[in-house]
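See below for model_26.tsv, which holds TSV, C-alpha atoms and all ligand atoms.
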chain	number	residue	atom	x	y	z
A	2	MET	CA	114.27	66.17	52.73
A	3	ARG	CA	115.50	64.66	56.00
A	4	HIS	CA	114.61	61.00	56.60
A	5	LEU	CA	115.23	58.61	59.47
A	6	ARG	CA	116.77	55.31	58.45
A	7	VAL	CA	115.11	52.62	60.58
A	8	PRO	CA	115.11	48.80	60.51
A	9	SER	CA	111.92	47.62	58.75
A	10	GLN	CA	110.42	45.90	61.80
A	11	GLU	CA	110.63	49.13	63.83
A	12	THR	CA	108.87	51.29	61.23
A	13	GLU	CA	105.40	51.23	62.80
A	14	ARG	CA	106.65	52.13	66.28
A	15	VAL	CA	108.82	55.01	64.99
A	16	LEU	CA	105.95	56.34	62.86
A	17	GLN	CA	103.70	56.46	65.96
A	18	GLN	CA	106.32	58.33	67.97
A	19	LEU	CA	107.03	60.84	65.18
A	20	LYS	CA	103.32	61.43	64.72
A	21	ALA	CA	102.84	62.04	68.43
A	22	ALA	CA	105.68	64.58	68.32
A	23	SER	CA	104.22	66.28	65.17
A	24	ALA	CA	107.48	65.46	63.38
A	25	LEU	CA	105.79	63.54	60.54
A	26	PRO	CA	104.91	65.57	57.42
A	27	GLU	CA	101.34	65.52	56.04
A	28	GLY	CA	100.89	62.53	53.68
A	29	ALA	CA	104.34	61.17	54.66
A	30	ARG	CA	105.53	58.45	52.29
A	31	VAL	CA	107.75	55.75	53.78
A	32	GLN	CA	110.27	54.35	51.28
A	33	THR	CA	112.44	51.26	51.24
A	34	ASP	CA	116.11	52.22	51.49
A	35	PRO	CA	117.37	51.71	47.91
A	36	THR	CA	120.74	50.49	49.27
A	37	ASP	CA	119.28	48.00	51.77
A	38	SER	CA	115.82	46.41	51.56
A	39	GLU	CA	115.86	45.66	55.32
A	40	HIS	CA	115.61	49.38	56.17
A	41	ARG	CA	112.93	52.02	55.63
A	42	LEU	CA	113.33	55.77	55.16
A	43	ILE	CA	110.79	57.87	57.09
A	44	PRO	CA	110.50	61.62	56.35
A	45	ILE	CA	110.75	63.99	59.32
A	46	ILE	CA	110.03	67.69	59.81
A	47	GLY	CA	110.50	70.39	62.47
A	48	ASP	CA	113.46	71.65	64.47
A	49	GLN	CA	112.18	70.19	67.73
A	50	THR	CA	112.84	66.61	66.70
A	51	PRO	CA	111.95	64.04	69.33
A	52	SER	CA	114.56	62.06	71.20
A	53	ILE	CA	113.85	58.97	69.09
A	54	VAL	CA	115.69	60.68	66.23
A	55	GLU	CA	118.93	60.30	68.16
A	56	HIS	CA	118.70	56.50	67.90
A	57	TYR	CA	118.74	56.38	64.08
A	58	PRO	CA	120.86	57.87	61.33
A	59	VAL	CA	119.34	60.87	59.50
A	60	VAL	CA	119.79	60.93	55.71
A	61	ASP	CA	118.93	63.69	53.26
A	62	ILE	CA	117.18	62.46	50.11
A	63	GLU	CA	115.37	64.21	47.27
A	64	VAL	CA	111.64	63.60	47.28
A	65	GLN	CA	109.54	63.69	44.10
A	66	PRO	CA	106.25	65.54	44.57
A	67	PRO	CA	103.43	62.97	44.84
A	68	THR	CA	101.59	62.40	41.55
A	69	ALA	CA	97.95	63.47	41.53
A	70	ARG	CA	95.57	60.51	41.72
A	71	SER	CA	92.41	62.49	41.08
A	72	TYR	CA	91.48	65.91	39.68
A	73	ARG	CA	90.83	66.96	43.27
A	74	ASP	CA	94.56	66.76	44.03
A	75	HIS	CA	95.09	69.59	41.50
A	76	LEU	CA	92.62	71.86	43.30
A	77	ASP	CA	95.26	72.41	46.03
A	78	ALA	CA	97.30	74.44	43.55
A	79	LEU	CA	94.30	76.38	42.28
A	80	LEU	CA	92.30	77.32	45.36
A	81	PRO	CA	92.99	78.40	48.99
A	82	SER	CA	93.38	75.36	51.21
A	83	ASP	CA	90.40	76.31	53.44
A	84	VAL	CA	88.17	76.21	50.33
A	85	VAL	CA	89.61	72.90	49.14
A	86	THR	CA	88.96	71.25	52.49
A	87	SER	CA	85.55	72.76	53.18
A	88	ILE	CA	83.74	71.83	49.94
A	89	GLU	CA	82.35	68.44	48.97
A	90	TRP	CA	83.72	68.12	45.42
A	91	PRO	CA	81.95	66.11	42.71
A	92	THR	CA	83.17	62.52	42.73
A	93	ARG	CA	81.95	61.53	39.27
A	94	HIS	CA	82.32	62.82	35.75
A	95	GLU	CA	81.66	61.36	32.33
A	96	PHE	CA	84.06	61.10	29.40
A	97	VAL	CA	82.54	61.57	25.92
A	98	GLY	CA	85.33	61.43	23.35
A	99	ASP	CA	87.76	64.25	24.21
A	100	LEU	CA	85.19	66.00	26.45
A	101	ILE	CA	84.43	65.69	30.15
A	102	LEU	CA	80.88	66.33	31.36
A	103	ILE	CA	80.39	66.98	35.06
A	104	LYS	CA	77.31	67.73	37.19
A	105	LEU	CA	77.71	70.55	39.77
A	106	ASN	CA	75.57	71.80	42.64
A	107	ASP	CA	75.23	75.52	43.45
A	108	VAL	CA	78.20	75.55	45.84
A	109	GLN	CA	80.50	73.61	43.51
A	110	ARG	CA	79.47	75.89	40.59
A	111	GLN	CA	81.17	78.85	42.31
A	112	TYR	CA	84.48	77.08	41.64
A	113	SER	CA	83.60	75.80	38.16
A	114	GLY	CA	86.69	77.37	36.54
A	115	ALA	CA	89.04	75.67	39.00
A	116	ILE	CA	87.20	72.34	38.61
A	117	GLY	CA	87.53	72.59	34.81
A	118	GLU	CA	91.22	73.48	35.04
A	119	ALA	CA	91.91	70.66	37.54
A	120	LEU	CA	90.18	68.13	35.27
A	121	LEU	CA	92.23	69.30	32.26
A	122	ARG	CA	95.44	68.96	34.31
A	123	GLN	CA	94.50	65.46	35.41
A	124	HIS	CA	93.38	64.23	31.96
A	125	PRO	CA	95.87	65.32	29.27
A	126	ARG	CA	93.79	63.89	26.41
A	127	THR	CA	90.71	65.91	27.35
A	128	ARG	CA	90.11	69.00	25.20
A	129	ALA	CA	87.29	70.70	27.11
A	130	VAL	CA	85.21	70.36	30.26
A	131	PHE	CA	81.49	71.17	30.34
A	132	GLU	CA	78.98	71.36	33.15
A	133	ASP	CA	76.17	68.87	32.45
A	134	ARG	CA	72.94	70.62	33.44
A	135	GLY	CA	70.77	67.62	32.55
A	136	VAL	CA	68.89	66.03	29.67
A	137	ILE	CA	66.38	68.17	27.76
A	138	GLY	CA	63.63	67.71	25.15
A	139	THR	CA	62.28	64.79	23.12
A	140	PHE	CA	65.68	64.28	21.54
A	141	ARG	CA	67.24	63.82	25.01
A	142	VAL	CA	70.22	66.09	24.43
A	143	ARG	CA	72.37	67.63	27.18
A	144	ASP	CA	72.20	71.20	28.41
A	145	LEU	CA	75.96	71.98	28.52
A	146	GLU	CA	77.90	74.97	29.83
A	147	LEU	CA	81.60	75.36	29.02
A	148	LEU	CA	83.80	75.32	32.14
A	149	MET	CA	87.27	75.23	30.59
A	150	VAL	CA	88.91	74.51	27.25
A	151	ARG	CA	92.57	73.64	26.71
A	152	GLU	CA	94.58	76.62	25.40
A	153	GLY	CA	94.51	76.87	21.60
A	154	GLN	CA	91.73	74.27	21.26
A	155	GLU	CA	88.16	74.67	20.01
A	156	PRO	CA	85.47	74.98	22.72
A	157	THR	CA	82.98	72.89	20.70
A	158	THR	CA	80.83	70.01	21.95
A	159	ARG	CA	81.35	68.00	18.73
A	160	THR	CA	83.59	65.02	19.45
A	161	GLN	CA	84.56	61.57	18.20
A	162	ILE	CA	84.00	58.46	20.31
A	163	ILE	CA	85.13	54.88	19.86
A	164	GLU	CA	82.73	52.06	20.72
A	165	ASN	CA	83.49	48.37	20.31
A	166	GLY	CA	86.28	49.34	17.88
A	167	HIS	CA	84.08	51.64	15.76
A	168	TYR	CA	84.57	55.42	15.45
A	169	LEU	CA	81.52	57.72	15.61
A	170	TRP	CA	81.12	61.50	15.60
A	171	THR	CA	78.61	62.84	18.09
A	172	ASP	CA	77.66	66.01	19.94
A	173	PRO	CA	76.02	65.63	23.36
A	174	ALA	CA	74.53	69.15	23.02
A	175	THR	CA	72.55	68.30	19.87
A	176	VAL	CA	72.10	64.48	19.72
A	177	TYR	CA	71.64	61.53	22.06
A	178	TYR	CA	74.48	59.09	22.62
A	179	SER	CA	75.30	57.00	25.69
A	180	SER	CA	78.27	54.68	26.02
A	181	ARG	CA	76.39	52.92	28.85
A	182	LEU	CA	74.34	51.07	26.23
A	183	SER	CA	77.37	49.72	24.34
A	184	HIS	CA	76.95	46.28	25.92
A	185	GLU	CA	73.36	46.18	24.64
A	186	ARG	CA	74.62	46.88	21.13
A	187	GLU	CA	77.04	43.95	21.39
A	188	GLY	CA	73.96	41.89	22.27
A	189	THR	CA	72.18	43.20	19.16
A	190	LEU	CA	75.03	41.88	17.01
A	191	VAL	CA	74.78	38.44	18.67
A	192	CYS	CA	70.98	38.43	18.21
A	193	ALA	CA	71.30	39.39	14.50
A	194	GLU	CA	73.93	36.72	13.81
A	195	LYS	CA	71.75	34.07	15.43
A	196	LEU	CA	68.72	35.14	13.37
A	197	ARG	CA	70.82	35.20	10.17
A	198	ASP	CA	71.92	31.62	10.88
A	199	GLU	CA	68.30	30.61	11.50
A	200	VAL	CA	66.94	32.11	8.26
A	201	GLY	CA	70.06	31.20	6.25
A	202	ARG	CA	70.46	34.60	4.49
A	203	PRO	CA	71.53	38.20	5.24
A	204	LEU	CA	68.90	40.25	7.11
A	205	THR	CA	66.72	43.29	6.53
A	206	VAL	CA	67.13	45.48	9.63
A	207	CYS	CA	65.20	48.54	10.80
A	208	ASP	CA	66.63	50.94	13.42
A	209	PRO	CA	64.10	53.81	13.38
A	210	TYR	CA	65.55	55.52	16.52
A	211	ALA	CA	69.14	55.21	15.36
A	212	GLY	CA	70.67	58.33	17.00
A	213	VAL	CA	74.20	58.76	15.61
A	214	GLY	CA	74.26	55.08	14.60
A	215	PRO	CA	76.11	53.10	17.32
A	216	SER	CA	73.98	49.97	16.72
A	217	LEU	CA	74.51	50.02	12.97
A	218	LEU	CA	78.28	49.96	12.58
A	219	PRO	CA	78.76	46.52	14.21
A	220	LEU	CA	75.93	45.11	12.04
A	221	ILE	CA	77.15	46.42	8.69
A	222	SER	CA	80.78	45.55	9.50
A	223	ALA	CA	79.95	41.86	10.12
A	224	PRO	CA	80.37	39.74	6.96
A	225	ASN	CA	77.14	38.57	5.24
A	226	LEU	CA	74.93	39.81	8.04
A	227	VAL	CA	72.92	42.65	6.50
A	228	ASP	CA	71.18	42.79	3.17
A	229	GLU	CA	69.34	46.10	3.71
A	230	LEU	CA	69.25	48.43	6.68
A	231	PHE	CA	66.89	51.33	7.35
A	232	ALA	CA	68.17	53.92	9.85
A	233	GLY	CA	65.99	56.82	10.91
A	234	ASP	CA	65.73	59.49	13.56
A	235	LEU	CA	63.41	62.44	14.08
A	236	ASN	CA	66.26	64.71	15.20
A	237	PRO	CA	67.78	66.35	12.07
A	238	ALA	CA	71.14	66.75	13.85
A	239	ALA	CA	71.26	62.99	14.54
A	240	VAL	CA	70.51	62.28	10.88
A	241	GLU	CA	73.41	64.52	9.82
A	242	PHE	CA	75.72	62.50	12.09
A	243	LEU	CA	74.22	59.25	10.77
A	244	ARG	CA	75.15	60.32	7.23
A	245	GLU	CA	78.66	61.21	8.37
A	246	ASN	CA	79.20	58.06	10.46
A	247	ILE	CA	77.61	55.49	8.18
A	248	ASN	CA	78.58	55.39	4.58
A	249	HIS	CA	77.45	52.03	3.27
A	250	PRO	CA	75.50	51.09	0.12
A	251	SER	CA	73.08	48.82	2.01
A	252	VAL	CA	71.97	51.57	4.44
A	253	THR	CA	69.07	54.00	3.83
A	254	ILE	CA	68.99	57.00	6.16
A	255	GLU	CA	65.96	59.24	6.74
A	256	CYS	CA	64.84	61.99	9.08
A	257	THR	CA	61.39	60.73	9.93
A	258	ASP	CA	58.98	59.94	12.75
A	259	ALA	CA	59.27	56.18	13.35
A	260	ARG	CA	55.52	55.95	13.91
A	261	SER	CA	54.81	57.12	10.34
A	262	LEU	CA	56.75	54.30	8.61
A	263	LYS	CA	53.77	51.95	8.81
A	264	ASP	CA	51.92	54.30	6.40
A	265	ARG	CA	54.30	53.29	3.59
A	266	PRO	CA	53.17	49.94	2.15
A	267	GLU	CA	56.68	49.09	0.91
A	268	MET	CA	57.95	49.20	4.53
A	269	CYS	CA	55.30	46.87	5.98
A	270	GLY	CA	56.24	43.24	6.65
A	271	LYS	CA	59.70	43.99	5.28
A	272	PHE	CA	62.07	43.61	8.23
A	273	ASP	CA	63.66	40.56	9.85
A	274	LEU	CA	64.94	42.59	12.81
A	275	LEU	CA	63.45	45.74	14.36
A	276	LEU	CA	65.26	47.73	17.06
A	277	VAL	CA	63.11	49.88	19.34
A	278	ASN	CA	65.30	52.11	21.44
A	279	ILE	CA	63.28	54.98	22.82
A	280	PRO	CA	63.04	53.67	26.40
A	281	HIS	CA	60.59	56.24	27.80
A	282	ASP	CA	58.13	55.71	24.93
A	283	THR	CA	58.89	52.23	23.56
A	284	LEU	CA	55.70	50.62	24.90
A	285	LYS	CA	53.56	53.46	23.53
A	286	HIS	CA	55.22	53.35	20.07
A	287	LEU	CA	55.20	49.55	19.67
A	288	PRO	CA	51.75	49.21	18.01
A	289	ASP	CA	52.85	51.63	15.26
A	290	LEU	CA	56.09	49.73	14.64
A	291	LEU	CA	54.91	46.16	14.64
A	292	PRO	CA	53.52	46.26	11.05
A	293	LEU	CA	57.11	46.80	9.81
A	294	VAL	CA	58.22	43.31	10.94
A	295	ARG	CA	57.57	40.16	8.93
A	296	SER	CA	56.08	37.11	10.73
A	297	GLY	CA	58.94	35.21	12.34
A	298	GLY	CA	61.06	38.37	12.53
A	299	ILE	CA	62.54	39.61	15.83
A	300	ILE	CA	61.67	42.77	17.76
A	301	ARG	CA	64.42	43.81	20.16
A	302	GLY	CA	63.67	46.82	22.34
A	303	TRP	CA	64.43	48.71	25.54
A	304	ALA	CA	61.91	50.24	27.94
A	305	ILE	CA	61.85	51.91	31.34
A	306	ILE	CA	59.53	49.77	33.47
A	307	GLU	CA	58.29	50.46	37.00
A	308	HIS	CA	59.08	47.54	39.33
A	309	ALA	CA	55.38	47.19	40.13
A	310	ASP	CA	54.47	46.91	36.42
A	311	PHE	CA	57.02	44.26	35.38
A	312	GLU	CA	54.62	41.28	35.28
A	313	LYS	CA	51.89	43.32	33.61
A	314	VAL	CA	54.33	44.47	30.89
A	315	GLN	CA	55.51	40.88	30.37
A	316	GLN	CA	51.89	39.79	29.70
A	317	HIS	CA	51.29	42.82	27.49
A	318	LEU	CA	54.37	42.06	25.35
A	319	ASN	CA	53.40	38.38	24.96
A	320	ALA	CA	49.96	39.45	23.77
A	321	THR	CA	51.33	42.18	21.46
A	322	PHE	CA	53.85	39.90	19.73
A	323	GLY	CA	51.79	36.73	19.76
A	324	SER	CA	54.76	34.86	21.24
A	325	ASP	CA	56.64	34.63	24.54
A	326	ALA	CA	58.82	37.72	24.93
A	327	ILE	CA	62.07	37.51	26.90
A	328	LEU	CA	61.99	40.49	29.25
A	329	ASP	CA	65.18	41.21	31.25
A	330	ARG	CA	66.05	43.87	33.79
A	331	ARG	CA	69.32	45.41	32.57
A	332	ARG	CA	70.04	48.15	35.11
A	333	SER	CA	68.40	50.34	37.65
A	334	TYR	CA	66.91	53.54	36.24
A	335	SER	CA	65.45	55.07	39.41
A	336	ALA	CA	64.41	53.98	42.89
A	337	SER	CA	61.21	52.49	41.45
A	338	ALA	CA	62.08	51.56	37.84
A	339	ASP	CA	64.58	49.62	35.72
A	340	LEU	CA	65.82	49.86	32.17
A	341	CYS	CA	64.65	46.55	30.69
A	342	LYS	CA	65.37	44.79	27.41
A	343	PHE	CA	62.87	42.61	25.56
A	344	GLU	CA	63.28	40.31	22.62
A	345	ALA	CA	60.52	38.38	20.85
A	346	TYR	CA	59.64	36.73	17.58
A	347	LYS	CA	56.61	38.17	15.83
A	348	GLY	CA	53.90	35.48	15.76
A	349	GLU	CA	51.79	34.62	12.72
B	401	LIG	C1	67.43	56.73	23.40
B	401	LIG	S1	67.90	57.44	21.86
B	401	LIG	C2	68.60	56.03	21.06
B	401	LIG	C3	69.62	56.40	20.02
B	401	LIG	C4	70.46	55.22	19.52
B	401	LIG	N1	69.66	54.10	19.12
B	401	LIG	C5	71.52	54.80	20.53
B	401	LIG	O1	71.49	53.68	21.00
B	401	LIG	O2	72.39	55.64	20.86
B	401	LIG	C6	66.36	57.68	21.07
B	401	LIG	C7	66.47	58.40	19.72
B	401	LIG	O3	65.16	58.50	19.16
B	401	LIG	C8	65.01	59.76	18.52
B	401	LIG	N2	63.55	60.01	18.45
B	401	LIG	C9	62.73	60.55	19.37
B	401	LIG	N3	61.46	60.51	18.95
B	401	LIG	C10	61.48	59.90	17.74
B	401	LIG	C11	60.46	59.54	16.82
B	401	LIG	N4	59.17	59.80	17.07
B	401	LIG	N5	60.84	58.93	15.67
B	401	LIG	C12	62.15	58.66	15.40
B	401	LIG	N6	63.14	59.02	16.25
B	401	LIG	C13	62.81	59.60	17.41
B	401	LIG	C14	65.82	60.70	19.37
B	401	LIG	O4	66.25	61.80	18.60
B	401	LIG	C15	67.01	59.81	19.78
B	401	LIG	O5	68.09	59.92	18.89
Written as structure tokens, how would this file's structure read?
Amino acid sequence: MRHLRVPSQETERVLQQLKAASALPEGARVQTDPTDSEHRLIPIIGDQTPSIVEHYPVVDIEVQPPTARSYRDHLDALLPSDVVTSIEWPTRHEFVGDLILIKLNDVQRQYSGAIGEALLRQHPRTRAVFEDRGVIGTFRVRDLELLMVREGQEPTTRTQIIENGHYLWTDPATVYYSSRLSHEREGTLVCAEKLRDEVGRPLTVCDPYAGVGPSLLPLISAPNLVDELFAGDLNPAAVEFLRENINHPSVTIECTDARSLKDRPEMCGKFDLLLVNIPHDTLKHLPDLLPLVRSGGIIRGWAIIEHADFEKVQQHLNATFGSDAILDRRRSYSASADLCKFEAYKGE
């Protein structure tokens, strides 16, 4: 491609003049002359070159096509340019293992194949792209629609993720998993280690809403932290993943309703640490779970709380636990509510 070789300090002025004369290609990239760092090379197009060209030498250099910075750059090769420029393309997508999940509106959905293909071109380690049509049911799984799978690969939603150095199998179409809570799980490890140091022995832990087990792996991998761990979930698919992901002699896994555990005398007053992670229902389920914790044990849970109810919930938790609960806003959930975390010792 033809380029003008101009002294660096004149670059801006020449660019303006070329632009005014429509002699500057779309997305023109100015380069430093590789033979002389005091000069720049400016690409030019058109036969009707402006008079300014006469003042500078013209050199012919090979130009590498620009590398795509986003999946949207690949749409140019897949769709007519008037379509590419007229649609507002999705700006966000989520990676889950070797899958990409993306939300589409009705207009974008008409080009779902091209969006899937563009995402596969941009992300070589991605196996398949699915439209995420939202969360459904008590088990909070995703309604997924295949957009595109890489040639020769399986179009399944089963995938392996890595969180805080631990590998877990999951399937967003049949079980709940969110990487957004990984920081909370790091906090659970810190909380458990502190409690272990306080009581001076390995802990009994109960995670009755365990999902595919992301909270458990850090706990059982830490030396001398866990004596016994109960992991449950009501979703049979999550329990199958739990059995596949967690293979440890100190862990008992069951498919059961967390609220029914209190009906088993051997489970009552047994646990040093109880995790309550069912944010939409945590406050409703708490009374059924509390009998599982021994006095002086810790309850660590997450709940969606309306801004207006924050103080009321704080008082309610203090009364429920018989001790001061630490209630923190962790992130915004909606315009009027936050995802909050609480932690409290169970009083006598
Ligand atoms: C928000 S997810 C948390 C999963 C996991 N702790 C994590 O951090 O990824 C809540 C889990 O509770 C399970 N669940 C829903 N109702 C339940 C119940 N009554 N008893 C036990 N598990 C239940 C769902 O299947 C889901 O896996």
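Considering the residues A:Arg126, A:Lys20, A:Arg30, A:Arg143 and counting only C-alpha atoms, Asp172 in chain A has its shortest atom-to-atom contact with A:Arg143.
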Residues of chain A at most 6 Å from ligand LIG 401 (chain B): nearest atom pair and distance in Å, only C-alpha atoms and all ligand atoms, as JSON lines:
{"residue": "A:Thr139", "atom": "CA", "partner": "B:LIG401", "partner_atom": "C9", "distance": 5.7}
{"residue": "A:Phe140", "atom": "CA", "partner": "B:LIG401", "partner_atom": "O4", "distance": 3.9}
{"residue": "A:Tyr177", "atom": "CA", "partner": "B:LIG401", "partner_atom": "O5", "distance": 5.0}
{"residue": "A:Tyr178", "atom": "CA", "partner": "B:LIG401", "partner_atom": "O2", "distance": 4.4}
{"residue": "A:Ser179", "atom": "CA", "partner": "B:LIG401", "partner_atom": "O2", "distance": 5.8}
{"residue": "A:Pro209", "atom": "CA", "partner": "B:LIG401", "partner_atom": "C12", "distance": 5.6}
{"residue": "A:Tyr210", "atom": "CA", "partner": "B:LIG401", "partner_atom": "O3", "distance": 4.0}
{"residue": "A:Ala211", "atom": "CA", "partner": "B:LIG401", "partner_atom": "N1", "distance": 4.0}
{"residue": "A:Gly212", "atom": "CA", "partner": "B:LIG401", "partner_atom": "O5", "distance": 3.6}
{"residue": "A:Pro215", "atom": "CA", "partner": "B:LIG401", "partner_atom": "O2", "distance": 5.7}
{"residue": "A:Asp234", "atom": "CA", "partner": "B:LIG401", "partner_atom": "N6", "distance": 3.8}
{"residue": "A:Leu235", "atom": "CA", "partner": "B:LIG401", "partner_atom": "N6", "distance": 4.1}
{"residue": "A:Asn236", "atom": "CA", "partner": "B:LIG401", "partner_atom": "O4", "distance": 4.5}
{"residue": "A:Thr257", "atom": "CA", "partner": "B:LIG401", "partner_atom": "C12", "distance": 5.9}
{"residue": "A:Asp258", "atom": "CA", "partner": "B:LIG401", "partner_atom": "N5", "distance": 3.6}
{"residue": "A:Ala259", "atom": "CA", "partner": "B:LIG401", "partner_atom": "N5", "distance": 3.9}
{"residue": "A:Asn278", "atom": "CA", "partner": "B:LIG401", "partner_atom": "C2", "distance": 5.1}
{"residue": "A:Ile279", "atom": "CA", "partner": "B:LIG401", "partner_atom": "C6", "distance": 4.5}
What lies within 9 Å of range 221-230 of chain A using only C-alpha atoms, ignoring chain neighbours under 3 positions off, as number ranges by chain?
A: 190, 193-194, 197, 202-208, 217-218, 249-254, 272
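Closest to His4 in chain A among A:Ser87, A:Gln32, A:Gln65, A:Asn246 is A:Gln32, based on all atoms listed in the file.
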Return as CSV the residues of range 155-195 of chain A lying at most 10 Å from range 286-302 of chain A, together with the closest atom-to-atom pair for each and the distance in Å to one decimal, counting all atoms listed in the file, with rows in chain order and ascending residue number.
residue,atom,partner,partner_atom,distance
A:Glu185,CA,A:Gly302,CA,10.0
A:Gly188,CA,A:Arg301,CA,10.0
A:Thr189,CA,A:Arg301,CA,7.8
A:Cys192,CA,A:Arg301,CA,8.7
A:Ala193,CA,A:Ile299,CA,8.9
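Residues surrounding Ala115 in chain A within 12 Å are Tyr72, Arg73, Asp74, His75, Leu76, Asp77, Ala78, Leu79, Leu80, Pro81, Val84, Val85, Trp90, Gln109, Arg110, Gln111, Ala119, Leu120, Leu121, Arg122, Val130, Leu148, Met149 and Val150 of chain A [only C-alpha atoms; sequence separation below 4 positions excluded].
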Taking 3 positions as the minimum chain separation for residues in the same chain, which residues sit within 6 Å of Leu243 in chain A when counting only C-alpha atoms? Answer as a ChimeraX atom specification.
/A:213-214,240,246-247
Could you put an axis-aligned box around every listed atom of range 290-305 of chain A, padded by 4 Å on each side, and send me its centre and edge lengths in Å to one decimal, as AutoDock Vina command-line options?
--center_x 59.0 --center_y 43.6 --center_z 20.1 --size_x 18.9 --size_y 24.7 --size_z 30.4
CA of Asp198 in chain A to CA of Gln316 in chain A: how many Å, to one decimal?
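Separation between CA of Asp198 in chain A and CA of Gln316 in chain A: 28.7 Å.
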